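Asks: Next comes input_17.cif, mmCIF, C-alpha atoms; chains and numbers go by the auth columns:
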```cif
data_final
#
loop_
_atom_site.group_PDB
_atom_site.id
_atom_site.type_symbol
_atom_site.label_atom_id
_atom_site.label_comp_id
_atom_site.label_asym_id
_atom_site.label_seq_id
_atom_site.Cartn_x
_atom_site.Cartn_y
_atom_site.Cartn_z
_atom_site.B_iso_or_equiv
_atom_site.auth_seq_id
_atom_site.auth_asym_id
ATOM 1 C CA MET A 1 32.877 13.967 -66.686 0.00 1012 A
ATOM 2 C CA ALA A 2 35.739 13.593 -64.241 0.00 1013 A
ATOM 3 C CA ILE A 3 38.339 11.493 -66.021 0.00 1014 A
ATOM 4 C CA ARG A 4 41.381 10.946 -63.828 0.00 1015 A
ATOM 5 C CA THR A 5 44.879 9.928 -64.824 0.00 1016 A
ATOM 6 C CA VAL A 6 45.558 6.240 -64.254 0.00 1017 A
ATOM 7 C CA LEU A 7 48.820 5.636 -62.398 0.00 1018 A
ATOM 8 C CA GLN A 8 51.242 3.560 -64.437 0.00 1019 A
ATOM 9 C CA LEU A 9 53.508 0.647 -63.513 0.00 1020 A
ATOM 10 C CA GLY A 10 56.425 2.000 -61.484 0.00 1021 A
ATOM 11 C CA ASP A 11 54.399 4.693 -59.711 0.00 1022 A
ATOM 12 C CA PRO A 12 54.838 4.064 -55.950 0.00 1023 A
ATOM 13 C CA GLY A 13 51.151 4.891 -55.387 0.00 1024 A
ATOM 14 C CA LEU A 14 50.229 1.511 -56.888 0.00 1025 A
ATOM 15 C CA ARG A 15 52.180 -0.282 -54.154 0.00 1026 A
ATOM 16 C CA LYS A 16 50.523 1.398 -51.155 0.00 1027 A
ATOM 17 C CA ILE A 17 48.030 -0.485 -49.030 0.00 1028 A
ATOM 18 C CA ALA A 18 44.723 1.351 -49.324 0.00 1029 A
ATOM 19 C CA LYS A 19 42.962 2.725 -46.266 0.00 1030 A
ATOM 20 C CA LYS A 20 39.580 1.526 -45.057 0.00 1031 A
ATOM 21 C CA VAL A 21 36.640 3.804 -45.851 0.00 1032 A
ATOM 22 C CA ASP A 22 34.913 4.842 -42.621 0.00 1033 A
ATOM 23 C CA GLU A 23 31.781 6.318 -44.214 0.00 1034 A
ATOM 24 C CA PRO A 24 30.817 4.615 -47.504 0.00 1035 A
ATOM 25 C CA ALA A 25 27.822 6.950 -47.913 0.00 1036 A
ATOM 26 C CA ALA A 26 29.955 10.118 -47.617 0.00 1037 A
ATOM 27 C CA PRO A 27 29.721 12.573 -50.542 0.00 1038 A
ATOM 28 C CA GLU A 28 33.458 12.244 -51.254 0.00 1039 A
ATOM 29 C CA ILE A 29 33.031 8.488 -51.807 0.00 1040 A
ATOM 30 C CA ARG A 30 30.165 9.166 -54.210 0.00 1041 A
ATOM 31 C CA ARG A 31 32.428 11.619 -56.094 0.00 1042 A
ATOM 32 C CA LEU A 32 35.192 9.027 -56.128 0.00 1043 A
ATOM 33 C CA ALA A 33 32.764 6.460 -57.546 0.00 1044 A
ATOM 34 C CA ASP A 34 31.807 8.905 -60.308 0.00 1045 A
ATOM 35 C CA GLU A 35 35.480 9.538 -61.100 0.00 1046 A
ATOM 36 C CA LEU A 36 36.166 5.806 -61.237 0.00 1047 A
ATOM 37 C CA ALA A 37 33.147 5.283 -63.509 0.00 1048 A
ATOM 38 C CA ASP A 38 34.129 8.123 -65.862 0.00 1049 A
ATOM 39 C CA THR A 39 37.769 7.040 -65.987 0.00 1050 A
ATOM 40 C CA LEU A 40 36.865 3.420 -66.684 0.00 1051 A
ATOM 41 C CA ALA A 41 34.364 4.438 -69.386 0.00 1052 A
ATOM 42 C CA PHE A 42 37.014 6.600 -71.054 0.00 1053 A
ATOM 43 C CA TRP A 43 39.558 3.765 -71.095 0.00 1054 A
ATOM 44 C CA ARG A 44 36.954 1.314 -72.349 0.00 1055 A
ATOM 45 C CA LYS A 45 35.950 3.666 -75.163 0.00 1056 A
ATOM 46 C CA THR A 46 39.494 4.547 -76.221 0.00 1057 A
ATOM 47 C CA THR A 47 41.214 1.163 -75.823 0.00 1058 A
ATOM 48 C CA GLY A 48 38.513 -1.517 -75.793 0.00 1059 A
ATOM 49 C CA TYR A 49 39.773 -2.694 -72.391 0.00 1060 A
ATOM 50 C CA GLY A 50 38.578 -2.139 -68.852 0.00 1061 A
ATOM 51 C CA ARG A 51 36.054 -4.053 -66.777 0.00 1062 A
ATOM 52 C CA GLY A 52 37.086 -2.718 -63.391 0.00 1063 A
ATOM 53 C CA ILE A 53 39.211 -0.128 -61.665 0.00 1064 A
ATOM 54 C CA ALA A 54 40.429 0.324 -58.096 0.00 1065 A
ATOM 55 C CA ALA A 55 40.708 3.693 -56.365 0.00 1066 A
ATOM 56 C CA PRO A 56 44.507 3.451 -55.896 0.00 1067 A
ATOM 57 C CA GLN A 57 44.862 3.379 -59.688 0.00 1068 A
ATOM 58 C CA ILE A 58 43.706 6.999 -59.827 0.00 1069 A
ATOM 59 C CA GLY A 59 45.733 8.040 -56.805 0.00 1070 A
ATOM 60 C CA ALA A 60 42.944 7.696 -54.218 0.00 1071 A
ATOM 61 C CA ASN A 61 44.385 5.527 -51.453 0.00 1072 A
ATOM 62 C CA LEU A 62 41.025 4.093 -50.378 0.00 1073 A
ATOM 63 C CA ARG A 63 39.530 0.596 -50.414 0.00 1074 A
ATOM 64 C CA VAL A 64 37.076 1.184 -53.244 0.00 1075 A
ATOM 65 C CA VAL A 65 36.549 -0.853 -56.416 0.00 1076 A
ATOM 66 C CA PHE A 66 34.272 -0.041 -59.358 0.00 1077 A
ATOM 67 C CA LEU A 67 33.175 -2.638 -61.937 0.00 1078 A
ATOM 68 C CA LYS A 68 31.249 -2.209 -65.171 0.00 1079 A
ATOM 69 C CA LEU A 69 30.586 -5.391 -67.105 0.00 1080 A
ATOM 70 C CA ASP A 70 28.827 -5.536 -70.453 0.00 1081 A
ATOM 71 C CA GLY A 71 25.060 -5.597 -70.001 0.00 1082 A
ATOM 72 C CA GLU A 72 25.270 -5.178 -66.221 0.00 1083 A
ATOM 73 C CA LYS A 73 24.627 -2.303 -63.846 0.00 1084 A
ATOM 74 C CA PRO A 74 27.679 -0.529 -62.417 0.00 1085 A
ATOM 75 C CA TRP A 75 28.924 -2.154 -59.225 0.00 1086 A
ATOM 76 C CA LEU A 76 30.661 -0.235 -56.442 0.00 1087 A
ATOM 77 C CA LEU A 77 32.403 -2.222 -53.707 0.00 1088 A
ATOM 78 C CA VAL A 78 33.595 -0.338 -50.634 0.00 1089 A
ATOM 79 C CA ASN A 79 36.020 -2.073 -48.259 0.00 1090 A
ATOM 80 C CA PRO A 80 35.877 -5.377 -50.164 0.00 1091 A
ATOM 81 C CA GLU A 81 37.618 -8.350 -48.632 0.00 1092 A
ATOM 82 C CA ILE A 82 37.897 -11.921 -49.778 0.00 1093 A
ATOM 83 C CA THR A 83 36.429 -14.175 -47.090 0.00 1094 A
ATOM 84 C CA TRP A 84 36.738 -17.515 -48.889 0.00 1095 A
ATOM 85 C CA ARG A 85 38.886 -18.919 -51.701 0.00 1096 A
ATOM 86 C CA SER A 86 38.292 -22.202 -53.502 0.00 1097 A
ATOM 87 C CA GLU A 87 41.095 -24.710 -53.369 0.00 1098 A
ATOM 88 C CA GLU A 88 40.851 -25.127 -57.121 0.00 1099 A
ATOM 89 C CA LYS A 89 42.809 -22.596 -59.134 0.00 1100 A
ATOM 90 C CA ILE A 90 42.797 -21.481 -62.749 0.00 1101 A
ATOM 91 C CA VAL A 91 45.336 -19.810 -65.007 0.00 1102 A
ATOM 92 C CA VAL A 92 44.007 -16.774 -66.881 0.00 1103 A
ATOM 93 C CA TRP A 93 45.284 -13.968 -69.069 0.00 1104 A
ATOM 94 C CA ASP A 94 45.582 -10.731 -67.157 0.00 1105 A
ATOM 95 C CA ALA A 95 46.388 -7.136 -67.943 0.00 1106 A
ATOM 96 C CA CYS A 96 45.794 -3.848 -66.229 0.00 1107 A
ATOM 97 C CA LEU A 97 44.936 -0.259 -67.092 0.00 1108 A
ATOM 98 C CA SER A 98 48.135 0.607 -65.222 0.00 1109 A
ATOM 99 C CA PHE A 99 50.236 -1.325 -67.770 0.00 1110 A
ATOM 100 C CA LEU A 100 47.986 -1.989 -70.725 0.00 1111 A
ATOM 101 C CA SER A 101 50.877 -2.702 -73.062 0.00 1112 A
ATOM 102 C CA ILE A 102 51.746 -5.904 -71.147 0.00 1113 A
ATOM 103 C CA PHE A 103 49.721 -9.110 -70.816 0.00 1114 A
ATOM 104 C CA MET A 104 50.591 -12.230 -68.839 0.00 1115 A
ATOM 105 C CA GLN A 105 49.108 -15.389 -67.412 0.00 1116 A
ATOM 106 C CA VAL A 106 48.387 -15.443 -63.689 0.00 1117 A
ATOM 107 C CA GLU A 107 46.989 -18.009 -61.292 0.00 1118 A
ATOM 108 C CA ARG A 108 43.732 -17.201 -59.507 0.00 1119 A
ATOM 109 C CA HIS A 109 41.249 -19.090 -57.367 0.00 1120 A
ATOM 110 C CA ARG A 110 38.366 -20.485 -59.414 0.00 1121 A
ATOM 111 C CA GLY A 111 35.833 -19.193 -56.883 0.00 1122 A
ATOM 112 C CA ILE A 112 35.822 -16.654 -54.067 0.00 1123 A
ATOM 113 C CA ALA A 113 33.455 -15.009 -51.609 0.00 1124 A
ATOM 114 C CA VAL A 114 33.701 -11.264 -51.078 0.00 1125 A
ATOM 115 C CA ARG A 115 32.256 -9.179 -48.246 0.00 1126 A
ATOM 116 C CA TYR A 116 31.882 -5.451 -48.968 0.00 1127 A
ATOM 117 C CA GLN A 117 29.737 -2.408 -48.358 0.00 1128 A
ATOM 118 C CA ASP A 118 27.663 -0.745 -51.044 0.00 1129 A
ATOM 119 C CA TRP A 119 27.549 3.016 -51.587 0.00 1130 A
ATOM 120 C CA ARG A 120 24.907 3.333 -48.866 0.00 1131 A
ATOM 121 C CA GLY A 121 27.103 1.502 -46.349 0.00 1132 A
ATOM 122 C CA ARG A 122 25.036 -1.694 -46.319 0.00 1133 A
ATOM 123 C CA GLN A 123 26.973 -4.916 -45.694 0.00 1134 A
ATOM 124 C CA CYS A 124 26.851 -7.303 -48.648 0.00 1135 A
ATOM 125 C CA GLU A 125 28.445 -10.609 -49.511 0.00 1136 A
ATOM 126 C CA VAL A 126 28.706 -12.367 -52.843 0.00 1137 A
ATOM 127 C CA GLN A 127 30.172 -15.664 -53.968 0.00 1138 A
ATOM 128 C CA VAL A 128 31.510 -15.659 -57.529 0.00 1139 A
ATOM 129 C CA GLY A 129 33.191 -18.044 -59.919 0.00 1140 A
ATOM 130 C CA GLU A 130 34.048 -18.140 -63.584 0.00 1141 A
ATOM 131 C CA LEU A 131 30.683 -16.774 -64.710 0.00 1142 A
ATOM 132 C CA LYS A 132 31.540 -13.460 -66.384 0.00 1143 A
ATOM 133 C CA ASN A 133 35.080 -14.009 -65.065 0.00 1144 A
ATOM 134 C CA LEU A 134 34.072 -12.297 -61.825 0.00 1145 A
ATOM 135 C CA SER A 135 36.334 -14.351 -59.593 0.00 1146 A
ATOM 136 C CA GLU A 136 39.511 -13.409 -61.429 0.00 1147 A
ATOM 137 C CA LEU A 137 38.380 -9.811 -61.904 0.00 1148 A
ATOM 138 C CA LEU A 138 37.581 -9.240 -58.235 0.00 1149 A
ATOM 139 C CA GLN A 139 40.848 -10.876 -57.173 0.00 1150 A
ATOM 140 C CA HIS A 140 42.713 -8.525 -59.533 0.00 1151 A
ATOM 141 C CA GLU A 141 40.960 -5.393 -58.248 0.00 1152 A
ATOM 142 C CA ILE A 142 41.181 -6.345 -54.561 0.00 1153 A
ATOM 143 C CA ASP A 143 44.897 -7.026 -55.064 0.00 1154 A
ATOM 144 C CA HIS A 144 45.229 -3.361 -56.072 0.00 1155 A
ATOM 145 C CA LEU A 145 43.926 -2.382 -52.643 0.00 1156 A
ATOM 146 C CA ASP A 146 46.796 -4.308 -51.079 0.00 1157 A
ATOM 147 C CA GLY A 147 49.503 -2.927 -53.387 0.00 1158 A
ATOM 148 C CA ILE A 148 49.709 -6.162 -55.377 0.00 1159 A
ATOM 149 C CA LEU A 149 49.824 -6.075 -59.175 0.00 1160 A
ATOM 150 C CA ALA A 150 49.171 -8.778 -61.767 0.00 1161 A
ATOM 151 C CA VAL A 151 52.890 -8.799 -62.606 0.00 1162 A
ATOM 152 C CA ASP A 152 53.469 -10.058 -59.044 0.00 1163 A
ATOM 153 C CA ARG A 153 51.296 -13.101 -59.777 0.00 1164 A
ATOM 154 C CA ILE A 154 52.695 -14.127 -63.168 0.00 1165 A
ATOM 155 C CA THR A 155 52.830 -17.924 -63.541 0.00 1166 A
ATOM 156 C CA ASP A 156 55.755 -17.961 -65.949 0.00 1167 A
ATOM 157 C CA ILE A 157 57.714 -15.009 -67.307 0.00 1168 A
ATOM 158 C CA LYS A 158 57.516 -16.684 -70.734 0.00 1169 A
ATOM 159 C CA THR A 159 53.772 -15.937 -70.880 0.00 1170 A
ATOM 160 C CA MET A 160 54.414 -12.186 -70.811 0.00 1171 A
ATOM 161 C CA CYS A 161 53.658 -10.538 -74.138 0.00 1172 A
ATOM 162 C CA THR A 162 52.794 -7.184 -75.645 0.00 1173 A
ATOM 163 C CA ARG A 163 49.215 -6.089 -76.164 0.00 1174 A
ATOM 164 C CA GLU A 164 49.662 -6.435 -79.924 0.00 1175 A
ATOM 165 C CA GLU A 165 50.758 -10.080 -79.624 0.00 1176 A
ATOM 166 C CA PHE A 166 47.985 -10.808 -77.120 0.00 1177 A
ATOM 167 C CA GLU A 167 45.375 -9.360 -79.484 0.00 1178 A
ATOM 168 C CA LYS A 168 46.724 -11.305 -82.437 0.00 1179 A
ATOM 169 C CA ARG A 169 47.056 -14.649 -80.655 0.00 1180 A
ATOM 170 C CA TYR A 170 44.883 -14.867 -77.530 0.00 1181 A
ATOM 171 C CA ARG A 171 42.215 -12.148 -77.166 0.00 1182 A
ATOM 172 C CA ALA A 172 39.353 -14.056 -78.819 0.00 1183 A
ATOM 173 C CA GLY A 173 39.511 -16.759 -76.141 0.00 1184 A
ATOM 174 C CA SER A 174 39.903 -14.419 -73.170 0.00 1185 A
ATOM 175 C CA PRO A 175 37.627 -12.336 -70.924 0.00 1186 A
ATOM 176 C CA TYR A 176 38.837 -9.311 -72.895 0.00 1187 A
ATOM 177 C CA ALA A 177 36.983 -10.431 -76.028 0.00 1188 A
ATOM 178 C CA VAL A 178 34.446 -7.626 -76.208 0.00 1189 A
ATOM 179 C CA GLN A 179 31.522 -7.639 -78.574 0.00 1190 A
ATOM 180 C CA GLY A 180 31.319 -4.558 -80.736 0.00 1191 A
ATOM 181 C CA ILE A 181 34.973 -3.590 -80.253 0.00 1192 A
ATOM 182 C CA VAL A 182 37.067 -3.826 -83.375 0.00 1193 A
ATOM 183 C CA LYS A 183 40.356 -5.627 -82.720 0.00 1194 A
ATOM 184 C CA ASP A 184 42.446 -2.718 -83.979 0.00 1195 A
ATOM 185 C CA ALA A 185 40.474 -0.094 -82.025 0.00 1196 A
ATOM 186 C CA ALA A 186 42.983 -0.191 -79.161 0.00 1197 A
ATOM 187 C CA LYS A 187 45.873 0.805 -81.424 0.00 1198 A
#
```
For this file, produce the structure as C-alpha cells.
Replies:
Amino acid sequence: MAIRTVLQLGDPGLRKIAKKVDEPAAPEIRRLADELADTLAFWRKTTGYGRGIAAPQIGANLRVVFLKLDGEKPWLLVNPEITWRSEEKIVVWDACLSFLSIFMQVERHRGIAVRYQDWRGRQCEVQVGELKNLSELLQHEIDHLDGILAVDRITDIKTMCTREEFEKRYRAGSPYAVQGIVKDAAK
C-alpha cells in the first residue's frame, strides 16, 4: 500500500492550479491512481469519511481525481472539466480530507456534465445529479484541481461547525451517512 500524506488547510500546495496530464495511460499516472486509492481507503477506514480525493491533496499537482463510492467500482477521472452546470443550485454539507475537523454548508449546482479521460486515455463524458450526491462530489474534487476549497464556497459562516457537532446534529441526513460506520469511529 502507498498511503500518502494528505495536505492540510493552509498548505500552499492546495491552492495551486493543477497541470493537465498529457499521457493518462502513463505508468506514473497508474501509480498515482494507486496512491490515491490507498490513501482514500486509509482515510475511509480510520475516520469513516472519504468518497473522493484529488491529486493535489497528496502533493501531486496533476488534474487527476479518484472516487470510491459504496458499492461502486473505483472511478479515475483524468483531466476532468465541467462542461455544463444546471441553473438550479442546492445547498449541501461539505467537508474535506484536508480539513476534516471543519464542516460547512456550500452552494453547488444540482446537476453537471463532466468530460474526462479514463486511465487508458479514452474520452468520456457523464452527466450527474443528486443521485449518490455525484454532482456535489465532482464539483468539490474538480475545485481542488483549480486551487479552490470548500471553505471558499461557504454559504454562511454561521453554518461552519466542528466535526463533532456535525456528527451529533447533521450527519444522518447528509451524504456522509455511511452504512456500517459507527458514529464514534471517527473520534
Asks: So what do you get for CA of Ala1013 in chain A versus CA of Pro1038 in chain A, distance-wise?
Replies: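 Separating CA of Ala1013 in chain A from CA of Pro1038 in chain A is a distance of 15.0 Å.
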Asks: Ser1185 in chain A: which residues within 10 Å, counting only C-alpha atoms, same-chain residues fewer than 3 positions away excluded, as an mmCIF file with C-alpha atoms, keeping the file's coordinate frame?
Replies:
```cif
data_model
loop_
_atom_site.group_PDB
_atom_site.id
_atom_site.type_symbol
_atom_site.label_atom_id
_atom_site.label_comp_id
_atom_site.auth_asym_id
_atom_site.auth_seq_id
_atom_site.Cartn_x
_atom_site.Cartn_y
_atom_site.Cartn_z
ATOM 1 C CA VAL A 1103 44.007 -16.774 -66.881
ATOM 2 C CA TRP A 1104 45.284 -13.968 -69.069
ATOM 3 C CA ASP A 1105 45.582 -10.731 -67.157
ATOM 4 C CA ASN A 1144 35.080 -14.009 -65.065
ATOM 5 C CA PHE A 1177 47.985 -10.808 -77.120
ATOM 6 C CA GLU A 1178 45.375 -9.360 -79.484
ATOM 7 C CA TYR A 1181 44.883 -14.867 -77.530
ATOM 8 C CA ARG A 1182 42.215 -12.148 -77.166
ATOM 9 C CA ALA A 1188 36.983 -10.431 -76.028
ATOM 10 C CA VAL A 1189 34.446 -7.626 -76.208
#
```
Asks: Counting only C-alpha atoms, which of A:Thr1170, A:Gln1116, A:Ser1097, A:Gln1134 gets nearest to Ser1146 in chain A?
Replies: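 Residue with the minimum atom-to-atom distance to Ser1146 in chain A: A:Ser1097.
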Asks: Find the residues with any atom within 12 Å of (43.2, -5.6, -56.8); use only C-alpha atoms and the coordinates as given in the file, and write the answer as a PyMOL selection string.
Replies: chain A and resi 1025-1029+1063-1068+1073-1078+1088+1090-1093+1105-1109+1119+1146-1164
Asks: Evaluating the PyMOL selection byres ((chain A and resi 1173) around 8) on the displayed file yields which residues, as an MDAnalysis selection string?
Replies: chainID A and resid 1112:1114 1171:1172 1174:1177
Asks: Of the candidates A:Gly1122, A:Thr1057, A:Ile1165, A:Lys1079, which one gets nearest to Val1102 in chain A if we count all atoms listed in the file?
Replies: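 Closest to Val1102 in chain A, using all atoms listed in the file: A:Ile1165.
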Asks: Might you spell out which residues the PyMOL selection byres ((chain A and resi 1139) around 10) would select in the displayed file, as a list in words?
Replies: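 Written out, the selection comes to Arg1096, Arg1121, Gly1122, Ile1123, Ala1124, Val1125, Glu1136, Val1137, Gln1138, Gly1140, Glu1141, Leu1142, Lys1143, Asn1144, Leu1145, Ser1146, Glu1147 and Leu1149 of chain A.
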Asks: Next, write the just-selected residues to a file, as a PDB file, in the frame of the given file, keeping C-alpha atoms as the atom set.
Replies:
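Result file is again.pdb:
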```
ATOM      1  CA  ARG A1096      38.886 -18.919 -51.701  1.00  0.00           C
ATOM      2  CA  ARG A1121      38.366 -20.485 -59.414  1.00  0.00           C
ATOM      3  CA  GLY A1122      35.833 -19.193 -56.883  1.00  0.00           C
ATOM      4  CA  ILE A1123      35.822 -16.654 -54.067  1.00  0.00           C
ATOM      5  CA  ALA A1124      33.455 -15.009 -51.609  1.00  0.00           C
ATOM      6  CA  VAL A1125      33.701 -11.264 -51.078  1.00  0.00           C
ATOM      7  CA  GLU A1136      28.445 -10.609 -49.511  1.00  0.00           C
ATOM      8  CA  VAL A1137      28.706 -12.367 -52.843  1.00  0.00           C
ATOM      9  CA  GLN A1138      30.172 -15.664 -53.968  1.00  0.00           C
ATOM     10  CA  GLY A1140      33.191 -18.044 -59.919  1.00  0.00           C
ATOM     11  CA  GLU A1141      34.048 -18.140 -63.584  1.00  0.00           C
ATOM     12  CA  LEU A1142      30.683 -16.774 -64.710  1.00  0.00           C
ATOM     13  CA  LYS A1143      31.540 -13.460 -66.384  1.00  0.00           C
ATOM     14  CA  ASN A1144      35.080 -14.009 -65.065  1.00  0.00           C
ATOM     15  CA  LEU A1145      34.072 -12.297 -61.825  1.00  0.00           C
ATOM     16  CA  SER A1146      36.334 -14.351 -59.593  1.00  0.00           C
ATOM     17  CA  GLU A1147      39.511 -13.409 -61.429  1.00  0.00           C
ATOM     18  CA  LEU A1149      37.581  -9.240 -58.235  1.00  0.00           C
TER      19      LEU A1149
END
```
Asks: Can you work out which one of A:Ala1037, A:Gly1082, A:Asn1072, A:His1120 has the shortest atom-to-atom distance to Trp1095 in chain A, counting all atoms listed in the file?
Replies: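 Counting all atoms listed in the file, the residue closest to Trp1095 in chain A is A:His1120.
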Asks: Suppose you want the space between CA of Ala1052 in chain A and CA of Leu1111 in chain A; what is it in Å?
Replies: 15.1 Å
Asks: Taking (47.2, 8.5, -70.8) in the file's coordinates as the center, which residues reach within 10 Å of it, counting only C-alpha atoms, put as an NGL selection string?
Replies: :A and (1015-1019 or 1054 or 1108-1109)
Asks: Take the residues just selected and output them with C-alpha atoms as a PDB file, in the coordinates of the input.
Replies:
```pdb
ATOM      1  CA  ARG A1015      41.381  10.946 -63.828  1.00  0.00           C
ATOM      2  CA  THR A1016      44.879   9.928 -64.824  1.00  0.00           C
ATOM      3  CA  VAL A1017      45.558   6.240 -64.254  1.00  0.00           C
ATOM      4  CA  LEU A1018      48.820   5.636 -62.398  1.00  0.00           C
ATOM      5  CA  GLN A1019      51.242   3.560 -64.437  1.00  0.00           C
ATOM      6  CA  TRP A1054      39.558   3.765 -71.095  1.00  0.00           C
ATOM      7  CA  LEU A1108      44.936  -0.259 -67.092  1.00  0.00           C
ATOM      8  CA  SER A1109      48.135   0.607 -65.222  1.00  0.00           C
TER       9      SER A1109
END
```
Asks: Report as a VMD selection string all protein, DNA and RNA residues lying within 9 Å of Glu1046 in chain A, evaluated on all atoms listed in the file, omitting residues in the same chain fewer than 4 positions from it.
Replies: chain A and resid 1012 to 1015 1041 to 1042 1050 to 1051 1069
Asks: Restricting the calculation to all atoms listed in the file, which member of A:Leu1087, A:Ala1036, A:Ile1101, A:Ala1071 is positioned closest to Gly1132 in chain A?
Replies: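 Among A:Leu1087, A:Ala1036, A:Ile1101, A:Ala1071, it is A:Ala1036 that comes nearest to Gly1132 in chain A.
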Asks: For the atom pair CA of Ile1040 in chain A and CA of Gly1024 in chain A, what is the interatomic distance in Å to one decimal place?
Replies: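 Taking CA of Ile1040 in chain A and CA of Gly1024 in chain A, their separation equals 18.8 Å.
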Asks: Got a moment to write range 1151-1163 of chain A out with N, CA, C and O atoms, as a JSON list (two decimals), in the first residue's frame?
Replies:
```json
[["chain", "number", "residue", "atom", "x", "y", "z"],
["A", 1151, "HIS", "N", -16.75, 19.39, -5.92],
["A", 1151, "HIS", "CA", -15.76, 19.54, -4.85],
["A", 1151, "HIS", "C", -14.37, 19.11, -5.31],
["A", 1151, "HIS", "O", -13.39, 19.83, -5.13],
["A", 1152, "GLU", "N", -14.29, 17.93, -5.92],
["A", 1152, "GLU", "CA", -12.98, 17.40, -6.33],
["A", 1152, "GLU", "C", -12.39, 18.20, -7.48],
["A", 1152, "GLU", "O", -11.17, 18.45, -7.50],
["A", 1153, "ILE", "N", -13.19, 18.61, -8.45],
["A", 1153, "ILE", "CA", -12.68, 19.40, -9.57],
["A", 1153, "ILE", "C", -12.23, 20.77, -9.07],
["A", 1153, "ILE", "O", -11.24, 21.32, -9.57],
["A", 1154, "ASP", "N", -12.92, 21.32, -8.08],
["A", 1154, "ASP", "CA", -12.46, 22.57, -7.46],
["A", 1154, "ASP", "C", -11.02, 22.43, -6.98],
["A", 1154, "ASP", "O", -10.21, 23.35, -7.13],
["A", 1155, "HIS", "N", -10.69, 21.29, -6.37],
["A", 1155, "HIS", "CA", -9.32, 21.07, -5.89],
["A", 1155, "HIS", "C", -8.30, 21.26, -7.01],
["A", 1155, "HIS", "O", -7.20, 21.75, -6.78],
["A", 1156, "LEU", "N", -8.66, 20.86, -8.21],
["A", 1156, "LEU", "CA", -7.74, 20.96, -9.34],
["A", 1156, "LEU", "C", -7.48, 22.42, -9.74],
["A", 1156, "LEU", "O", -6.49, 22.72, -10.39],
["A", 1157, "ASP", "N", -8.39, 23.29, -9.31],
["A", 1157, "ASP", "CA", -8.25, 24.71, -9.62],
["A", 1157, "ASP", "C", -7.85, 25.53, -8.39],
["A", 1157, "ASP", "O", -7.95, 26.76, -8.41],
["A", 1158, "GLY", "N", -7.42, 24.85, -7.33],
["A", 1158, "GLY", "CA", -6.96, 25.55, -6.13],
["A", 1158, "GLY", "C", -8.09, 26.15, -5.31],
["A", 1158, "GLY", "O", -7.87, 27.05, -4.49],
["A", 1159, "ILE", "N", -9.29, 25.66, -5.50],
["A", 1159, "ILE", "CA", -10.47, 26.15, -4.78],
["A", 1159, "ILE", "C", -10.86, 25.12, -3.73],
["A", 1159, "ILE", "O", -10.93, 23.93, -4.01],
["A", 1160, "LEU", "N", -11.13, 25.60, -2.52],
["A", 1160, "LEU", "CA", -11.51, 24.72, -1.42],
["A", 1160, "LEU", "C", -12.95, 24.98, -1.00],
["A", 1160, "LEU", "O", -13.49, 26.06, -1.25],
["A", 1161, "ALA", "N", -13.55, 24.01, -0.33],
["A", 1161, "ALA", "CA", -14.94, 24.16, 0.12],
["A", 1161, "ALA", "C", -15.11, 25.40, 0.99],
["A", 1161, "ALA", "O", -16.15, 26.06, 0.93],
["A", 1162, "VAL", "N", -14.10, 25.76, 1.77],
["A", 1162, "VAL", "CA", -14.21, 26.96, 2.62],
["A", 1162, "VAL", "C", -14.38, 28.22, 1.77],
["A", 1162, "VAL", "O", -14.91, 29.21, 2.25],
["A", 1163, "ASP", "N", -13.96, 28.18, 0.52],
["A", 1163, "ASP", "CA", -14.13, 29.32, -0.38],
["A", 1163, "ASP", "C", -15.58, 29.45, -0.85],
["A", 1163, "ASP", "O", -15.97, 30.49, -1.38]]
```
